[in-house]
Amino acid sequence: MDTRVSELFGTGSAFKSSAQAVGSGASNSTVVTSKKAFTKNGKKSKSRSARFPKPSNNPPYLPPEVEEGNIEYKLKLVNPTQYRFEHLATQMKWRLQEGRGEAVYQIGVEDNGLLVGLTEAEMRASLRTLHRMAEKVGADITVLREREVDYDSEEPRKITEVLVRKVPDDQQFLDLRVAVLGNVDSGKSTLLGVLTQGELDNGRGRARLNLFRHLHEIQTGRTSSISFEILGFNSKGEVVNYSDSRTAEEICESASKMITFIDLAGHHKYLKTTIFGLTSYCPDFAMLVVSANTGIVGTTREHLGLAMALKVPIFIMVSKVDLCTKATVERTMRQLERILKQPGCNKVPLVVASTDDAVTAAQQFTQSPSVTPIFTFSSVSGENLELLKVFLNILPPLSNSKEQEELMQQLTEFQVDEIYTVPDVGTVVGGTLYSGICREGDPLVVGPTDDGLFRELTVCSIQRNRSACRVLRAGQAATLALGEFDRSLLRKGMVMVSPEMNPTICWLFEAEIVLLFHAKTFHKGFQVTVHVGNVRQTATVEALQGKSCARVKKQW
């Protein structure tokens with residue numbers, strides 16, 4: 001019982017209904033139990049007991065509270081003294097800082113994780129105090145869920161989970177990047193069109209038309225380039241998209257949390273473009289879209305393997321459930337669970353079937369790298385799209401404030417991914433700030449050029465999501481205006497760094513390799529394409545240490 005899911009739903013009769021809601025059938029009940037449930041040969045009794053736990057008289061519990069992180073337990077917050085209130089407000093500031101603007105409060109829970117619960121009157125008083133605390137620090141609160149607990153009391157008691165959100169003073173909004181993966185024709189662009197435009201698809205791909213960048217993409221219906229779409233959430237957790245706002249600037253002004261979707265190509269012909277999107281844009285999460293009527297076909301396995309090799313957390317969307325029978329959807333789900341549980345993946349699938357599941361999945365997803373949420377949805381009927389929105393709204397950032405601060409203290413390094421020429425502005429580059437802080441007017445050096453040198457330049461202005469921005473911080477994507485700098489000297493894969501870094505170039509490097517799938521033998525002299533960050537370069541293998549060649553024994 002090492003995962004929070006099993007700790008939350010695995011004990012106590014009060015949680016029985018929620019445990020059943022995590023997913024129908026035995027496939028998901030094994031998700032929230034120990035690994036013994038998956039073993040064979042002589043362990044059937046353990047498997048049955050793990051799948052169907054007997055009701056226990058022991059009080060339900062959560063993991064003990066930790067000092068670090070953005071989760072806070074409070075037994076009750078009824079009429080605190082002024083001194084106590086100031087202390088609670090300071091504590092909330094700390095939790096918000098740890099969560100980079102987001103914190104989760106569990107009301108009715110002791111510090112050791114015991115779910116005691118509060119009466120109706122005590123809970124109302126506690127939520128009023130929590131609201132005052134949030135106003136004190138300039139934050140907003142949203143009740144995520146409530147549940148009753150059975151704890152030696154005749155009067156009903158319940159616990160409440162509350163999301164507290166406050167945009168940090170030095171930022172315009174919280175920002176998460178999600179790479180969208182999946183085989184061609186699985187419904188990736190259509191899903192993004194429905195989420196960002198606020199209108200359902202007509203079954204013939206109308207929702208995806210606004211996402212395409214080239215004429216041949218509109219004609220074929222297949223994405224061949226990398227495009228970006230944004231979905232905002234305000235401080236109350238409500239969706240902000242193009243259905244309410246005309247421009248990206250209006251979305252940025254109204255939203256306190258922004259999800260940037262990186263729409264990648266699904267066709268095998270554009271696999272290098274997809275790899276470039278995964279390595280260059282540093283996504284926080286990956287969303288793998290699988291069509292329910294075709295299952296795991298084409299590049300789905302390769303995309304899954306790439307995301308796992310790059311250690312990007314994955315959640316899965318099973319699309320087009322309106323076109324399939326229930327048996328076909330279940331077959332695809334079994335296929336997914338079988339792939340995820342294989343030794344090469346070692347993932348724990350968690351089927352999301354209710355709002356309660358979506359909240360649990362969002363919190364568990366970042367705490368345990370093995371948990372993989374699975375959603376089923378339809379872009380035509382809108383089935384379960386609200387669950388995805390709840391999940392994305394609560395999804396916390398991977399890095400905490402300390403890690404973010406360490407990155408910002410390093411020297412500036414900006415990776416150049418796109419190059420433009422804008423009238424009356426001059427040369428503009430787009431990319432991601434890998435480390436440090438970049439401000440308007442900062443002197444940087446860019447390179448390496450064809451002759452291996454780095455040239456000086458000055459950052460004239462910065463824009464994020466088409467809105468002006470004076471300061472860019474590590475991990476953020478933006479476009480930088482370089483004025484009259486000669487565009488012919490720039491190319492994709494370059495870096496703009498602080499002059500203090502004194503950058504040098506190299507022609508030879510060592511690397512550890514993992515062969516995901518390769519039809520031939522990997523040996524000395526083999527020619528490969530290397531993707532390192534935003535660098536995409538052909539290379540030749542000079543030597544293999546310890547062996548003369550390497551090959552894949554079995555396709556996973």
# chains A, B, ... in the order shown; residues from 1 in each chain; ligands from 1
$ select_by_dssp --residues "segment 323-498 of chain A" --states "strand (DSSP E or B)" --output "PyMOL selection string"
chain A and resi 348-351+371-376+413-422+426-435+437-439+443-447+455-458+461-464+467-468+471-473+477-481+495-497
$ write_last_selection --atoms "C-alpha atoms" --output "compact mmCIF listing (two decimals), in the first residue's frame"
# COMPACT_ATOMS: atom_id res chain seq x y z
CA VAL A 348 0.48 1.25 -13.18
CA PRO A 349 -2.59 2.17 -15.28
CA LEU A 350 -5.26 4.19 -13.49
CA VAL A 351 -8.58 4.44 -15.36
CA VAL A 371 1.12 5.85 -12.25
CA THR A 372 -0.37 6.38 -15.73
CA PRO A 373 -3.90 7.88 -15.87
CA ILE A 374 -6.09 6.66 -18.75
CA PHE A 375 -9.10 8.64 -20.03
CA THR A 376 -11.71 7.60 -22.57
CA GLU A 413 21.09 29.72 -21.89
CA PHE A 414 18.35 30.14 -24.53
CA GLN A 415 17.77 27.44 -27.15
CA VAL A 416 16.86 28.72 -30.62
CA ASP A 417 14.08 26.64 -32.22
CA GLU A 418 12.47 29.04 -34.71
CA ILE A 419 13.71 32.06 -36.70
CA TYR A 420 11.48 34.78 -38.18
CA THR A 421 11.73 38.17 -39.85
CA VAL A 422 8.98 40.53 -38.66
CA GLY A 426 13.61 42.80 -37.44
CA THR A 427 14.97 39.36 -36.65
CA VAL A 428 12.99 37.32 -34.10
CA VAL A 429 13.94 33.96 -32.59
CA GLY A 430 11.65 31.57 -30.72
CA GLY A 431 12.65 28.92 -28.22
CA THR A 432 12.98 27.94 -24.58
CA LEU A 433 15.09 29.45 -21.82
CA TYR A 434 16.92 26.42 -20.44
CA SER A 435 18.54 28.18 -17.47
CA ILE A 437 17.02 34.80 -16.42
CA CYS A 438 16.72 36.89 -19.59
CA ARG A 439 15.67 40.56 -19.57
CA PRO A 443 23.82 41.29 -23.96
CA LEU A 444 24.21 37.66 -25.11
CA VAL A 445 26.33 35.67 -27.55
CA VAL A 446 24.81 33.32 -30.16
CA GLY A 447 26.40 30.38 -31.92
CA ARG A 455 28.64 36.47 -32.10
CA GLU A 456 27.44 39.23 -29.77
CA LEU A 457 23.85 40.53 -29.81
CA THR A 458 21.33 42.36 -27.62
CA SER A 461 12.12 42.81 -26.52
CA ILE A 462 10.44 39.62 -25.26
CA GLN A 463 7.00 38.12 -25.88
CA ARG A 464 5.28 35.12 -24.28
CA SER A 467 1.98 39.20 -24.95
CA ALA A 468 4.82 41.54 -23.97
CA VAL A 471 11.59 39.13 -17.77
CA LEU A 472 11.95 35.52 -18.94
CA ARG A 473 12.71 32.79 -16.40
CA ALA A 477 9.20 29.52 -23.83
CA ALA A 478 9.17 32.87 -25.60
CA THR A 479 10.19 34.85 -28.69
CA LEU A 480 13.05 37.37 -28.53
CA ALA A 481 13.44 40.32 -30.89
CA VAL A 495 22.08 28.68 -28.40
CA MET A 496 22.12 32.20 -26.99
CA VAL A 497 24.15 32.26 -23.78
$ residues_around --residues "Asn112 of chain A" --least-positions-apart "2" --cutoff "9 Å" --atoms "only C-alpha atoms" --output "list of chain:residue names"
A:Tyr61, A:Leu62, A:Pro63, A:Pro64, A:Glu65, A:Tyr73, A:Val109, A:Glu110, A:Leu114
$ residues_around --residues "segment 506-517 of chain A" --least-positions-apart "3" --cutoff "10 Å" --atoms "only C-alpha atoms" --output "PyMOL selection string"
chain A and resi 301-302+305-306+309+344+452+520+522+539-545+550-556
$ atom_distance --atom1 "atom CA of Leu181 of chain A" --atom2 "atom CA of Ala474 of chain A"
24.5 Å
$ residues_around --residues "Arg331 of chain A" --least-positions-apart "5" --cutoff "9 Å" --atoms "only C-alpha atoms" --output "VMD selection string"
chain A and resid 292 295 326 336
$ write_last_selection --atoms "N, CA and C atoms" --output "PDB file, in the first residue's frame"
ATOM      1  N   ALA A 292      -9.636   4.339 -30.150  1.00  0.00           N
ATOM      2  CA  ALA A 292     -10.275   3.145 -29.585  1.00  0.00           C
ATOM      3  C   ALA A 292     -10.586   2.112 -30.655  1.00  0.00           C
ATOM      4  N   GLY A 295      -6.735   0.775 -31.829  1.00  0.00           N
ATOM      5  CA  GLY A 295      -5.835   0.275 -30.794  1.00  0.00           C
ATOM      6  C   GLY A 295      -4.418   0.784 -30.970  1.00  0.00           C
ATOM      7  N   LYS A 326     -18.846  -1.119 -26.851  1.00  0.00           N
ATOM      8  CA  LYS A 326     -18.209  -1.207 -25.540  1.00  0.00           C
ATOM      9  C   LYS A 326     -17.141  -2.273 -25.522  1.00  0.00           C
ATOM     10  N   LEU A 336      -3.793  -1.689 -23.850  1.00  0.00           N
ATOM     11  CA  LEU A 336      -2.983  -0.645 -23.228  1.00  0.00           C
ATOM     12  C   LEU A 336      -2.415  -1.101 -21.890  1.00  0.00           C
TER      13      LEU A 336
END
$ residues_around --residues "Ile316 of chain A" --least-positions-apart "3" --cutoff "6 Å" --atoms "only C-alpha atoms" --output "PyMOL selection string"
chain A and resi 287-289+374
$ write_last_selection --atoms "all heavy atoms" --output "JSON list (two decimals), in the first residue's frame"
[["chain", "number", "residue", "atom", "x", "y", "z"],
["A", 287, "MET", "N", 0.93, 13.66, -23.49],
["A", 287, "MET", "CA", -0.42, 13.11, -23.62],
["A", 287, "MET", "C", -0.43, 12.21, -24.85],
["A", 287, "MET", "O", -0.31, 12.68, -25.98],
["A", 287, "MET", "CB", -1.44, 14.23, -23.77],
["A", 287, "MET", "CG", -2.87, 13.76, -23.92],
["A", 287, "MET", "SD", -4.10, 15.10, -23.81],
["A", 287, "MET", "CE", -3.74, 16.00, -25.33],
["A", 288, "LEU", "N", -0.54, 10.90, -24.64],
["A", 288, "LEU", "CA", -0.54, 9.92, -25.72],
["A", 288, "LEU", "C", -1.99, 9.62, -26.10],
["A", 288, "LEU", "O", -2.77, 9.12, -25.29],
["A", 288, "LEU", "CB", 0.16, 8.64, -25.28],
["A", 288, "LEU", "CG", 0.25, 7.52, -26.31],
["A", 288, "LEU", "CD1", 1.15, 7.94, -27.47],
["A", 288, "LEU", "CD2", 0.79, 6.24, -25.68],
["A", 289, "VAL", "N", -2.36, 9.93, -27.35],
["A", 289, "VAL", "CA", -3.72, 9.72, -27.83],
["A", 289, "VAL", "C", -3.77, 8.41, -28.62],
["A", 289, "VAL", "O", -3.00, 8.22, -29.56],
["A", 289, "VAL", "CB", -4.20, 10.89, -28.71],
["A", 289, "VAL", "CG1", -5.63, 10.68, -29.16],
["A", 289, "VAL", "CG2", -4.07, 12.21, -27.95],
["A", 374, "ILE", "N", -5.52, 6.97, -17.44],
["A", 374, "ILE", "CA", -6.09, 6.66, -18.75],
["A", 374, "ILE", "C", -7.51, 7.23, -18.80],
["A", 374, "ILE", "O", -8.34, 6.92, -17.94],
["A", 374, "ILE", "CB", -6.12, 5.15, -19.02],
["A", 374, "ILE", "CG1", -4.70, 4.56, -18.93],
["A", 374, "ILE", "CG2", -6.71, 4.86, -20.39],
["A", 374, "ILE", "CD1", -4.66, 3.05, -19.13]]
$ residues_around --residues "segment 80-93 of chain A" --least-positions-apart "5" --cutoff "12 Å" --atoms "only C-alpha atoms" --output "PDB file with C-alpha atoms, in the first residue's frame"
ATOM      1  CA  GLU A  67       7.144  19.747   5.784  1.00  0.00           C
ATOM      2  CA  GLU A  68       8.113  20.246   2.145  1.00  0.00           C
ATOM      3  CA  GLY A  69       5.670  20.242  -0.752  1.00  0.00           C
ATOM      4  CA  ASN A  70       2.353  21.996  -1.358  1.00  0.00           C
ATOM      5  CA  ILE A  71      -0.014  19.683   0.582  1.00  0.00           C
ATOM      6  CA  GLU A  72      -1.195  20.814   4.034  1.00  0.00           C
ATOM      7  CA  TYR A  73      -3.337  18.891   6.549  1.00  0.00           C
ATOM      8  CA  LYS A  74      -5.602  20.788   8.965  1.00  0.00           C
ATOM      9  CA  GLU A  98       6.465  25.204  -2.628  1.00  0.00           C
ATOM     10  CA  GLY A  99       3.778  24.492  -5.247  1.00  0.00           C
ATOM     11  CA  ARG A 100       4.824  27.455  -7.428  1.00  0.00           C
ATOM     12  CA  GLY A 101       1.439  29.117  -6.897  1.00  0.00           C
ATOM     13  CA  GLU A 102      -0.768  26.139  -6.018  1.00  0.00           C
ATOM     14  CA  ALA A 103      -1.471  24.352  -2.722  1.00  0.00           C
ATOM     15  CA  VAL A 104      -3.886  21.641  -1.600  1.00  0.00           C
ATOM     16  CA  TYR A 105      -5.487  21.769   1.857  1.00  0.00           C
ATOM     17  CA  ALA A 125     -16.401  27.585   9.976  1.00  0.00           C
ATOM     18  CA  SER A 126     -13.097  26.063   8.801  1.00  0.00           C
ATOM     19  CA  ARG A 128     -14.638  30.520   6.139  1.00  0.00           C
ATOM     20  CA  THR A 129     -11.302  30.780   7.945  1.00  0.00           C
ATOM     21  CA  LEU A 130      -9.509  29.255   4.936  1.00  0.00           C
ATOM     22  CA  HIS A 131     -11.186  31.826   2.685  1.00  0.00           C
ATOM     23  CA  ARG A 132      -9.964  34.649   4.951  1.00  0.00           C
ATOM     24  CA  MET A 133      -6.447  33.204   4.868  1.00  0.00           C
ATOM     25  CA  ALA A 134      -6.543  33.088   1.067  1.00  0.00           C
ATOM     26  CA  GLU A 135      -7.744  36.705   0.878  1.00  0.00           C
ATOM     27  CA  LYS A 136      -4.904  37.687   3.202  1.00  0.00           C
ATOM     28  CA  VAL A 137      -2.268  36.286   0.804  1.00  0.00           C
ATOM     29  CA  GLY A 138      -4.160  37.288  -2.371  1.00  0.00           C
ATOM     30  CA  ALA A 139      -5.221  33.775  -3.399  1.00  0.00           C
ATOM     31  CA  ASP A 140      -8.476  32.037  -4.385  1.00  0.00           C
ATOM     32  CA  ILE A 141      -9.843  28.720  -3.119  1.00  0.00           C
ATOM     33  CA  LEU A 163      -7.274  23.877  -4.019  1.00  0.00           C
ATOM     34  CA  VAL A 164      -5.606  27.222  -3.226  1.00  0.00           C
ATOM     35  CA  ARG A 165      -4.186  29.114  -6.215  1.00  0.00           C
ATOM     36  CA  LYS A 166      -2.243  32.361  -6.400  1.00  0.00           C
ATOM     37  CA  VAL A 167      -0.179  33.546  -9.319  1.00  0.00           C
ATOM     38  CA  PRO A 168       3.329  34.341  -8.022  1.00  0.00           C
ATOM     39  CA  ASP A 169       4.066  38.053  -7.843  1.00  0.00           C
TER      40      ASP A 169
END
$ closest_residue --among "A:Glu406, A:Gly525, A:Leu490, A:Pro448" --to "Thr504 of chain A" --atoms "only C-alpha atoms"
A:Pro448
$ closest_residue --among "A:Val239, A:Leu77, A:Val66, A:Glu146" --to "Gly198 of chain A" --atoms "only C-alpha atoms"
A:Val239
$ atom_distance --atom1 "atom CA of Gln364 of chain A" --atom2 "atom CA of Lys347 of chain A"
12.9 Å
$ closest_residue --among "A:Asp150, A:Asn400, A:Phe526, A:Gly277" --to "Trp94 of chain A" --atoms "only C-alpha atoms"
A:Asn400
$ residues_around --residues "Ile230 of chain A" --least-positions-apart "4" --cutoff "7 Å" --atoms "only C-alpha atoms" --output "ChimeraX atom specification"
/A:196,258-261
$ write_last_selection --atoms "C-alpha atoms" --output "compact mmCIF listing (two decimals), in the first residue's frame"
# COMPACT_ATOMS: atom_id res chain seq x y z
CA THR A 196 -9.06 25.37 -27.09
CA MET A 258 -1.93 28.15 -18.69
CA ILE A 259 -1.60 24.77 -20.39
CA THR A 260 0.49 24.99 -23.58
CA PHE A 261 -0.16 22.01 -25.87
$ atom_distance --atom1 "atom CA of Thr160 of chain A" --atom2 "atom CA of Thr360 of chain A"
13.4 Å
